[in-house]
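*Asks:* For reference, the file input.pdb (PDB, C-alpha atoms) is included below:
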```pdb
ATOM      1  CA  MET A   3      -2.088  10.349  23.485
ATOM      2  CA  LEU A   4       1.504  11.323  22.687
ATOM      3  CA  MET A   5       1.906  14.142  20.170
ATOM      4  CA  ASN A   6       4.267  13.248  17.331
ATOM      5  CA  ARG A   7       7.362  15.342  16.677
ATOM      6  CA  TYR A   8       5.867  17.033  13.603
ATOM      7  CA  LEU A   9       2.961  18.441  15.623
ATOM      8  CA  GLN A  10       5.324  19.538  18.376
ATOM      9  CA  LYS A  11       7.327  21.568  15.851
ATOM     10  CA  ARG A  12       4.174  23.230  14.552
ATOM     11  CA  MET A  13       3.049  24.077  18.080
ATOM     12  CA  LEU A  14       6.428  25.683  18.749
ATOM     13  CA  ARG A  15       5.864  27.883  15.691
ATOM     14  CA  GLY A  16       2.777  29.230  17.419
ATOM     15  CA  GLU A  17       0.111  27.263  15.579
ATOM     16  CA  GLY A  18      -2.782  26.428  17.862
ATOM     17  CA  MET A  19      -4.446  23.041  18.105
ATOM     18  CA  GLY A  20      -7.447  24.458  16.249
ATOM     19  CA  ASP A  21      -5.224  25.219  13.263
ATOM     20  CA  LEU A  22      -3.780  21.714  13.337
ATOM     21  CA  VAL A  23      -7.158  20.029  13.405
ATOM     22  CA  ALA A  24      -8.555  22.227  10.642
ATOM     23  CA  SER A  25      -5.599  21.717   8.336
ATOM     24  CA  LYS A  26      -4.722  18.042   8.507
ATOM     25  CA  PRO A  27      -3.099  16.339   5.495
ATOM     26  CA  LYS A  28      -5.060  14.408   2.881
ATOM     27  CA  MET A  29      -4.503  11.256   0.890
ATOM     28  CA  HIS A  30      -6.366  10.795  -2.373
ATOM     29  CA  MET A  31      -6.716   7.045  -2.708
ATOM     30  CA  LEU A  32      -8.520   3.972  -3.950
ATOM     31  CA  HIS A  33      -9.489   1.518  -1.219
ATOM     32  CA  THR A  34      -8.169  -1.539  -3.066
ATOM     33  CA  CYS A  35      -4.996   0.024  -4.500
ATOM     34  CA  PRO A  36      -1.877  -1.828  -3.220
ATOM     35  CA  PHE A  37       0.198   1.351  -3.457
ATOM     36  CA  CYS A  38      -2.302   3.159  -1.232
ATOM     37  CA  TRP A  39      -2.104   0.341   1.311
ATOM     38  CA  LYS A  40       1.643   0.989   1.579
ATOM     39  CA  VAL A  41       1.012   4.583   2.612
ATOM     40  CA  ARG A  42      -1.871   3.681   4.888
ATOM     41  CA  GLY A  43       0.401   1.362   6.856
ATOM     42  CA  ILE A  44       3.022   3.977   7.676
ATOM     43  CA  ALA A  45       0.351   6.578   8.446
ATOM     44  CA  GLU A  46      -1.299   4.164  10.890
ATOM     45  CA  LEU A  47       2.006   3.246  12.505
ATOM     46  CA  LEU A  48       2.881   6.896  13.123
ATOM     47  CA  ASN A  49      -0.668   7.676  14.266
ATOM     48  CA  ILE A  50      -1.072  10.495  11.750
ATOM     49  CA  ASP A  51      -4.442  12.197  11.688
ATOM     50  CA  TYR A  52      -5.158  12.611   7.987
ATOM     51  CA  GLU A  53      -8.170  12.687   5.692
ATOM     52  CA  ASN A  54      -8.824   9.809   3.313
ATOM     53  CA  VAL A  55     -10.252  11.131   0.045
ATOM     54  CA  GLN A  56     -11.595   8.148  -1.879
ATOM     55  CA  ILE A  57     -11.800   9.054  -5.547
ATOM     56  CA  ASN A  58     -13.925   7.604  -8.334
ATOM     57  CA  ALA A  59     -11.768   5.096 -10.212
ATOM     58  CA  MET A  60     -13.448   6.118 -13.458
ATOM     59  CA  LYS A  61     -12.654   9.807 -12.921
ATOM     60  CA  THR A  62      -9.034   9.818 -11.741
ATOM     61  CA  LYS A  63      -7.917  12.379 -14.326
ATOM     62  CA  LYS A  64     -10.618  14.824 -13.261
ATOM     63  CA  GLU A  65     -10.275  14.316  -9.514
ATOM     64  CA  LEU A  66      -6.460  14.420  -9.578
ATOM     65  CA  LYS A  67      -6.069  17.335 -11.984
ATOM     66  CA  PHE A  68      -4.210  19.258  -9.273
ATOM     67  CA  THR A  69      -1.256  16.836  -9.704
ATOM     68  CA  ASP A  70      -0.282  18.360 -13.072
ATOM     69  CA  GLY A  71      -0.745  15.179 -15.059
ATOM     70  CA  TRP A  72       0.297  12.496 -12.556
ATOM     71  CA  ASN A  73      -3.262  11.121 -12.382
ATOM     72  CA  LYS A  74      -2.403   8.127 -10.174
ATOM     73  CA  VAL A  75      -3.087   7.277  -6.560
ATOM     74  CA  PRO A  76      -1.934   7.642  -3.902
ATOM     75  CA  VAL A  77      -1.444  11.399  -3.717
ATOM     76  CA  TRP A  78      -0.466  12.953  -0.397
ATOM     77  CA  THR A  79      -1.233  16.630   0.235
ATOM     78  CA  GLU A  80       0.181  18.358   3.293
ATOM     79  CA  SER A  81      -1.811  20.950   5.196
ATOM     80  CA  ASP A  82       0.359  23.680   3.656
ATOM     81  CA  GLY A  83      -0.574  22.525   0.141
ATOM     82  CA  GLN A  84       2.584  20.556  -0.654
ATOM     83  CA  VAL A  85       1.717  17.653  -2.974
ATOM     84  CA  VAL A  86       3.729  14.415  -2.960
ATOM     85  CA  VAL A  87       3.073  11.639  -5.489
ATOM     86  CA  ASP A  88       4.088   7.975  -5.885
ATOM     87  CA  SER A  89       3.833   5.588  -2.949
ATOM     88  CA  THR A  90       7.486   5.060  -2.002
ATOM     89  CA  PRO A  91       8.392   8.785  -2.175
ATOM     90  CA  ILE A  92       5.262   9.481  -0.116
ATOM     91  CA  MET A  93       6.367   6.955   2.513
ATOM     92  CA  LYS A  94       9.813   8.556   2.671
ATOM     93  CA  HIS A  95       8.240  12.011   2.937
ATOM     94  CA  ILE A  96       5.936  10.935   5.764
ATOM     95  CA  ASP A  97       8.796   9.247   7.624
ATOM     96  CA  SER A  98      10.997  12.319   7.237
ATOM     97  CA  THR A  99       8.268  14.813   8.164
ATOM     98  CA  TYR A 100       6.604  13.016  11.052
ATOM     99  CA  ASN A 101       9.252  10.587  12.318
ATOM    100  CA  ASP A 102      12.703  12.143  11.737
ATOM    101  CA  GLY A 103      13.318   9.555   9.002
ATOM    102  CA  LYS A 104      13.810   6.730  11.499
ATOM    103  CA  LEU A 105      12.128   4.046   9.388
ATOM    104  CA  TRP A 106      14.387   4.733   6.411
ATOM    105  CA  LYS A 107      17.642   5.067   8.361
ATOM    106  CA  VAL A 108      19.750   1.901   8.339
ATOM    107  CA  ASP A 109      23.390   0.914   8.617
ATOM    108  CA  ASP A 110      23.385  -1.222   5.472
ATOM    109  CA  ILE A 111      22.091   1.170   2.820
ATOM    110  CA  ALA A 112      22.888  -1.147  -0.093
ATOM    111  CA  ARG A 113      20.830  -3.973   1.435
ATOM    112  CA  ARG A 114      17.912  -1.642   2.141
ATOM    113  CA  ASP A 115      17.883  -0.139  -1.355
ATOM    114  CA  LYS A 116      18.211  -3.536  -3.029
ATOM    115  CA  TRP A 117      15.253  -5.011  -1.169
ATOM    116  CA  MET A 118      13.088  -1.910  -1.412
ATOM    117  CA  GLU A 119      13.468  -2.099  -5.181
ATOM    118  CA  TRP A 120      12.797  -5.851  -5.036
ATOM    119  CA  VAL A 121       9.582  -5.332  -3.063
ATOM    120  CA  ASP A 122       8.364  -2.545  -5.355
ATOM    121  CA  THR A 123       9.140  -4.615  -8.441
ATOM    122  CA  LYS A 124       8.326  -8.199  -7.501
ATOM    123  CA  MET A 125       5.495  -7.912  -4.987
ATOM    124  CA  SER A 126       3.695  -5.121  -6.798
ATOM    125  CA  LYS A 127       3.504  -7.170  -9.990
ATOM    126  CA  ALA A 128       2.318 -10.261  -8.071
ATOM    127  CA  THR A 129      -0.876  -8.640  -6.782
ATOM    128  CA  VAL A 130      -2.738  -8.745 -10.115
ATOM    129  CA  PRO A 131      -2.137 -12.472 -10.847
ATOM    130  CA  ILE A 132      -3.299 -13.604  -7.395
ATOM    131  CA  LEU A 133      -6.491 -11.533  -7.652
ATOM    132  CA  TYR A 134      -7.317 -11.951 -11.335
ATOM    133  CA  GLY A 135      -5.357 -15.042 -12.415
ATOM    134  CA  GLY A 136      -8.412 -17.279 -12.800
ATOM    135  CA  LEU A 137     -11.735 -16.491 -14.458
ATOM    136  CA  PHE A 138     -13.788 -17.097 -11.303
ATOM    137  CA  SER A 139     -11.302 -15.318  -9.030
ATOM    138  CA  ALA A 140     -11.314 -12.345 -11.419
ATOM    139  CA  LEU A 141     -15.105 -12.140 -11.162
ATOM    140  CA  GLN A 142     -14.888 -12.380  -7.363
ATOM    141  CA  THR A 143     -12.342  -9.570  -7.326
ATOM    142  CA  THR A 144     -14.132  -7.142  -9.646
ATOM    143  CA  THR A 145     -17.402  -7.735  -7.786
ATOM    144  CA  ARG A 146     -15.692  -7.006  -4.473
ATOM    145  CA  VAL A 147     -13.877  -3.960  -5.880
ATOM    146  CA  SER A 148     -17.152  -2.558  -7.221
ATOM    147  CA  LYS A 149     -18.524  -2.621  -3.656
ATOM    148  CA  LEU A 150     -15.447  -1.154  -1.975
ATOM    149  CA  GLU A 151     -14.614   1.614  -4.419
ATOM    150  CA  LYS A 152     -16.475   4.819  -5.196
ATOM    151  CA  PHE A 153     -18.364   4.194  -8.433
ATOM    152  CA  GLY A 154     -21.524   5.630  -9.929
ATOM    153  CA  PHE A 155     -24.648   3.461 -10.190
ATOM    154  CA  ILE A 156     -23.947   2.340 -13.758
ATOM    155  CA  SER A 157     -20.140   2.270 -13.624
ATOM    156  CA  LYS A 158     -20.252   0.017 -10.537
ATOM    157  CA  ARG A 159     -22.143  -2.674 -12.427
ATOM    158  CA  LEU A 160     -20.150  -2.113 -15.587
ATOM    159  CA  TYR A 161     -16.872  -2.648 -13.740
ATOM    160  CA  ALA A 162     -18.100  -5.743 -11.906
ATOM    161  CA  TRP A 163     -19.294  -7.565 -15.014
ATOM    162  CA  ALA A 164     -17.266  -6.085 -17.867
ATOM    163  CA  GLY A 165     -14.049  -5.541 -15.943
ATOM    164  CA  PHE A 166     -13.270  -9.099 -14.950
ATOM    165  CA  PRO A 167     -12.724 -10.533 -18.468
ATOM    166  CA  ILE A 168     -10.384  -7.637 -19.244
ATOM    167  CA  MET A 169      -8.386  -8.009 -16.034
ATOM    168  CA  TRP A 170      -8.260 -11.794 -16.409
ATOM    169  CA  GLY A 171      -7.932 -12.207 -20.149
ATOM    170  CA  ILE A 172      -5.616  -9.337 -21.027
ATOM    171  CA  ILE A 173      -3.596  -8.407 -17.945
ATOM    172  CA  ALA A 174      -3.452 -11.273 -15.429
ATOM    173  CA  ARG A 175      -3.100 -14.151 -17.893
ATOM    174  CA  SER A 176      -0.224 -12.456 -19.685
ATOM    175  CA  ARG A 177       1.646 -11.963 -16.406
ATOM    176  CA  VAL A 178       1.032 -15.550 -15.320
ATOM    177  CA  LYS A 179       2.140 -16.850 -18.706
ATOM    178  CA  LYS A 180       5.262 -14.682 -18.674
ATOM    179  CA  ASP A 181       6.259 -15.793 -15.170
ATOM    180  CA  GLY A 182       5.364 -19.458 -15.653
ATOM    181  CA  ARG A 183       4.204 -20.046 -12.076
ATOM    182  CA  LYS A 184       0.690 -20.240 -10.708
ATOM    183  CA  PRO A 185      -0.183 -17.100  -8.704
ATOM    184  CA  LYS A 186      -0.145 -18.929  -5.351
ATOM    185  CA  GLN A 187       3.271 -20.459  -6.043
ATOM    186  CA  LEU A 188       4.593 -17.080  -7.152
ATOM    187  CA  TRP A 189       3.552 -15.480  -3.873
ATOM    188  CA  HIS A 190       4.896 -18.360  -1.802
ATOM    189  CA  ASP A 191       8.248 -18.113  -3.577
ATOM    190  CA  LEU A 192       8.352 -14.355  -3.004
ATOM    191  CA  LEU A 193       7.509 -14.715   0.684
ATOM    192  CA  THR A 194      10.182 -17.385   1.090
ATOM    193  CA  GLU A 195      12.793 -15.215  -0.599
ATOM    194  CA  PHE A 196      11.789 -12.182   1.446
ATOM    195  CA  THR A 197      11.639 -13.847   4.874
ATOM    196  CA  ASP A 198      14.924 -15.674   4.199
ATOM    197  CA  SER A 199      16.560 -12.240   3.955
ATOM    198  CA  PHE A 200      15.791 -11.453   7.625
ATOM    199  CA  ASN A 201      18.994 -13.126   8.870
ATOM    200  CA  GLY A 202      17.145 -14.802  11.731
ATOM    201  CA  GLU A 203      15.405 -11.621  12.892
ATOM    202  CA  PRO A 204      11.609 -11.229  13.160
ATOM    203  CA  TYR A 205      11.568  -8.442  10.568
ATOM    204  CA  PHE A 206      13.605  -7.287   7.610
ATOM    205  CA  GLY A 207      14.427  -4.260   9.755
ATOM    206  CA  GLY A 208      15.687  -6.451  12.612
ATOM    207  CA  THR A 209      13.907  -6.296  15.951
ATOM    208  CA  GLU A 210      11.368  -3.807  14.563
ATOM    209  CA  PRO A 211       9.895  -3.320  11.083
ATOM    210  CA  ASN A 212      11.394  -0.649   8.872
ATOM    211  CA  MET A 213      10.307   0.944   5.595
ATOM    212  CA  VAL A 214      10.976  -2.223   3.583
ATOM    213  CA  ASP A 215       8.769  -4.265   5.920
ATOM    214  CA  LEU A 216       5.978  -1.706   5.651
ATOM    215  CA  ALA A 217       6.125  -1.626   1.859
ATOM    216  CA  ALA A 218       5.980  -5.426   1.576
ATOM    217  CA  PHE A 219       3.239  -5.535   4.202
ATOM    218  CA  GLY A 220       1.213  -3.006   2.206
ATOM    219  CA  TYR A 221       1.267  -5.116  -0.940
ATOM    220  CA  MET A 222       0.268  -8.239   0.962
ATOM    221  CA  ARG A 223      -2.364  -6.387   2.972
ATOM    222  CA  SER A 224      -4.014  -5.122  -0.205
ATOM    223  CA  ILE A 225      -5.058  -8.721  -0.897
ATOM    224  CA  SER A 226      -6.601  -9.205   2.569
ATOM    225  CA  PRO A 227     -10.118  -7.953   1.638
ATOM    226  CA  PHE A 228     -10.387 -10.739  -0.946
ATOM    227  CA  PRO A 229     -10.906 -14.528  -0.628
ATOM    228  CA  GLN A 230      -7.579 -15.141  -2.393
ATOM    229  CA  PHE A 231      -5.770 -14.040   0.775
ATOM    230  CA  LYS A 232      -6.276 -17.593   2.062
ATOM    231  CA  LYS A 233      -3.691 -18.733  -0.476
ATOM    232  CA  LEU A 234      -1.082 -16.577   1.251
ATOM    233  CA  GLU A 235      -1.980 -17.775   4.739
ATOM    234  CA  ASP A 236      -0.597 -21.214   3.823
ATOM    235  CA  HIS A 237       2.924 -19.775   3.905
ATOM    236  CA  VAL A 238       3.881 -20.137   7.569
ATOM    237  CA  ASP A 239       6.868 -17.777   7.744
ATOM    238  CA  GLY A 240       5.131 -15.224   5.543
ATOM    239  CA  ILE A 241       1.885 -15.063   7.495
ATOM    240  CA  GLU A 242       3.703 -15.015  10.844
ATOM    241  CA  TRP A 243       5.775 -12.033   9.656
ATOM    242  CA  TYR A 244       2.610 -10.361   8.319
ATOM    243  CA  GLN A 245       0.834 -10.789  11.650
ATOM    244  CA  ARG A 246       3.844  -9.428  13.550
ATOM    245  CA  VAL A 247       3.879  -6.284  11.404
ATOM    246  CA  GLU A 248       0.114  -5.919  11.765
ATOM    247  CA  ALA A 249       0.359  -6.202  15.558
ATOM    248  CA  PHE A 250       3.257  -3.714  15.634
ATOM    249  CA  ILE A 251       1.218  -1.162  13.692
ATOM    250  CA  GLN A 252      -1.853  -1.606  15.878
ATOM    251  CA  ARG A 253      -0.118  -1.621  19.258
TER
END
```
Take the structure I supplied and represent it as structure tokens, if you would.

*Replies:*
Amino acid sequence: MLMNRYLQKRMLRGEGMGDLVASKPKMHMLHTCPFCWKVRGIAELLNIDYENVQINAMKTKKELKFTDGWNKVPVWTESDGQVVVDSTPIMKHIDSTYNDGKLWKVDDIARRDKWMEWVDTKMSKATVPILYGGLFSALQTTTRVSKLEKFGFISKRLYAWAGFPIMWGIIARSRVKKDGRKPKQLWHDLLTEFTDSFNGEPYFGGTEPNMVDLAAFGYMRSISPFPQFKKLEDHVDGIEWYQRVEAFIQR
């Protein structure tokens, strides 16, 4: 297995392999969080050995108290204790630290920044409607989340059965009503707009995915554990791009 550049630098500073193994970075996360999926994608692509710390969704304030009030996942902690918060800054930090910033470097900075903001604004807000936009789909989602996340015995059942009317009735319905499109149509429109920006290339980044591809992939991938993902598979260009990114990460 090839050692990444970050580990090579640490070895040159005289740190043994035992030190590296004992002091790997950590990511505090929720399994179903779309922002965590963004970070997981870049960490997988760069083959970073890190520890996943799955927190209790009902105890984020307590378990993330070391963030000085941030209290949101993901949180990335380097082996030297450096704490980085917020998914896009974490992705940039990981790229810079472990990959010489290659995924963020582009010739057309304005295009990159415009679409990174678009992905973080449009796609992030589209995840809730697709998962919770209907009463039955909301129940499916909260039931699935209760099994995937780290809950206590009572809180798991409370979230599954009391959470879905809140997510559906208060949050998802308001977003659907504000946008005016059904969740599936919203996602199909977003995937069309995004893939049309590739200028004939297989990825937004050209011949290989870049940071924008990975961010968009993370949001879409966060829906994959749920039945609603089938609604996204109907979009031919979108699912073909998704599968290309997935294969690139897993190669």

*Asks:* Pull the neighbourhood of (13.0, -15.8, 2.4) for me: all residues within 12 Å in file coordinates, counting all atoms listed in the file, as a tab-separated table (two decimals) with C-alpha atoms, in the coordinates of the input.

*Replies:*
```
chain	number	residue	atom	x	y	z
A	117	TRP	CA	15.25	-5.01	-1.17
A	189	TRP	CA	3.55	-15.48	-3.87
A	190	HIS	CA	4.90	-18.36	-1.80
A	191	ASP	CA	8.25	-18.11	-3.58
A	192	LEU	CA	8.35	-14.36	-3.00
A	193	LEU	CA	7.51	-14.72	0.68
A	194	THR	CA	10.18	-17.39	1.09
A	195	GLU	CA	12.79	-15.22	-0.60
A	196	PHE	CA	11.79	-12.18	1.45
A	197	THR	CA	11.64	-13.85	4.87
A	198	ASP	CA	14.92	-15.67	4.20
A	199	SER	CA	16.56	-12.24	3.96
A	200	PHE	CA	15.79	-11.45	7.62
A	201	ASN	CA	18.99	-13.13	8.87
A	202	GLY	CA	17.14	-14.80	11.73
A	203	GLU	CA	15.40	-11.62	12.89
A	204	PRO	CA	11.61	-11.23	13.16
A	205	TYR	CA	11.57	-8.44	10.57
A	206	PHE	CA	13.60	-7.29	7.61
A	237	HIS	CA	2.92	-19.77	3.90
A	238	VAL	CA	3.88	-20.14	7.57
A	239	ASP	CA	6.87	-17.78	7.74
A	240	GLY	CA	5.13	-15.22	5.54
A	243	TRP	CA	5.78	-12.03	9.66
```

*Asks:* Just say which residues the PyMOL selection byres ((chain A and resi 220) around 9) picks in this file, as a list in words.

*Replies:*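 Applied to this file, the PyMOL selection byres ((chain A and resi 220) around 9) selects Pro36, Phe37, Cys38, Trp39, Lys40, Val41, Arg42, Gly43, Asp215, Leu216, Ala217, Ala218, Phe219, Tyr221, Met222, Arg223 and Ser224 of chain A.
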
*Asks:* For A:Gly136, which of A:Ile225, A:Gln230, A:Lys107, A:Thr69 is the closest residue, counting all atoms listed in the file?

*Replies:*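 Looking only at the distances to A:Gly136, the closest residue turns out to be A:Gln230.
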
*Asks:* What's the separation between atom CA of A:Tyr52 and atom CA of A:Met29, in Å to one decimal place?

*Replies:*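 About the pair atom CA of A:Tyr52 and atom CA of A:Met29: they are 7.3 Å apart.
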
*Asks:* Just give me the gap between atom CA of A:Thr99 and atom CA of A:Ile50 in Å, one decimal is fine.

*Replies:*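 One can read the atom CA of A:Thr99 to atom CA of A:Ile50 distance as 10.9 Å.
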
*Asks:* Which is closest to A:Glu80 among A:Arg253, A:Lys28, A:Lys104, A:Arg246, if we use only C-alpha atoms?

*Replies:*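 That would be A:Lys28, the residue with the smallest distance to A:Glu80.
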
*Asks:* Could you list, as a PyMOL selection string, every residue matched by the PyMOL selection byres ((chain A and resi 93) around 9) in this structure?

*Replies:* chain A and resi 40-41+44-45+88-92+94-98+213+217

*Asks:* In Å, rounded to a single decimal, give me how far atom CA of A:Asp82 is from atom CA of A:Ser25.

*Replies:*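 These atoms are spaced 7.8 Å apart.
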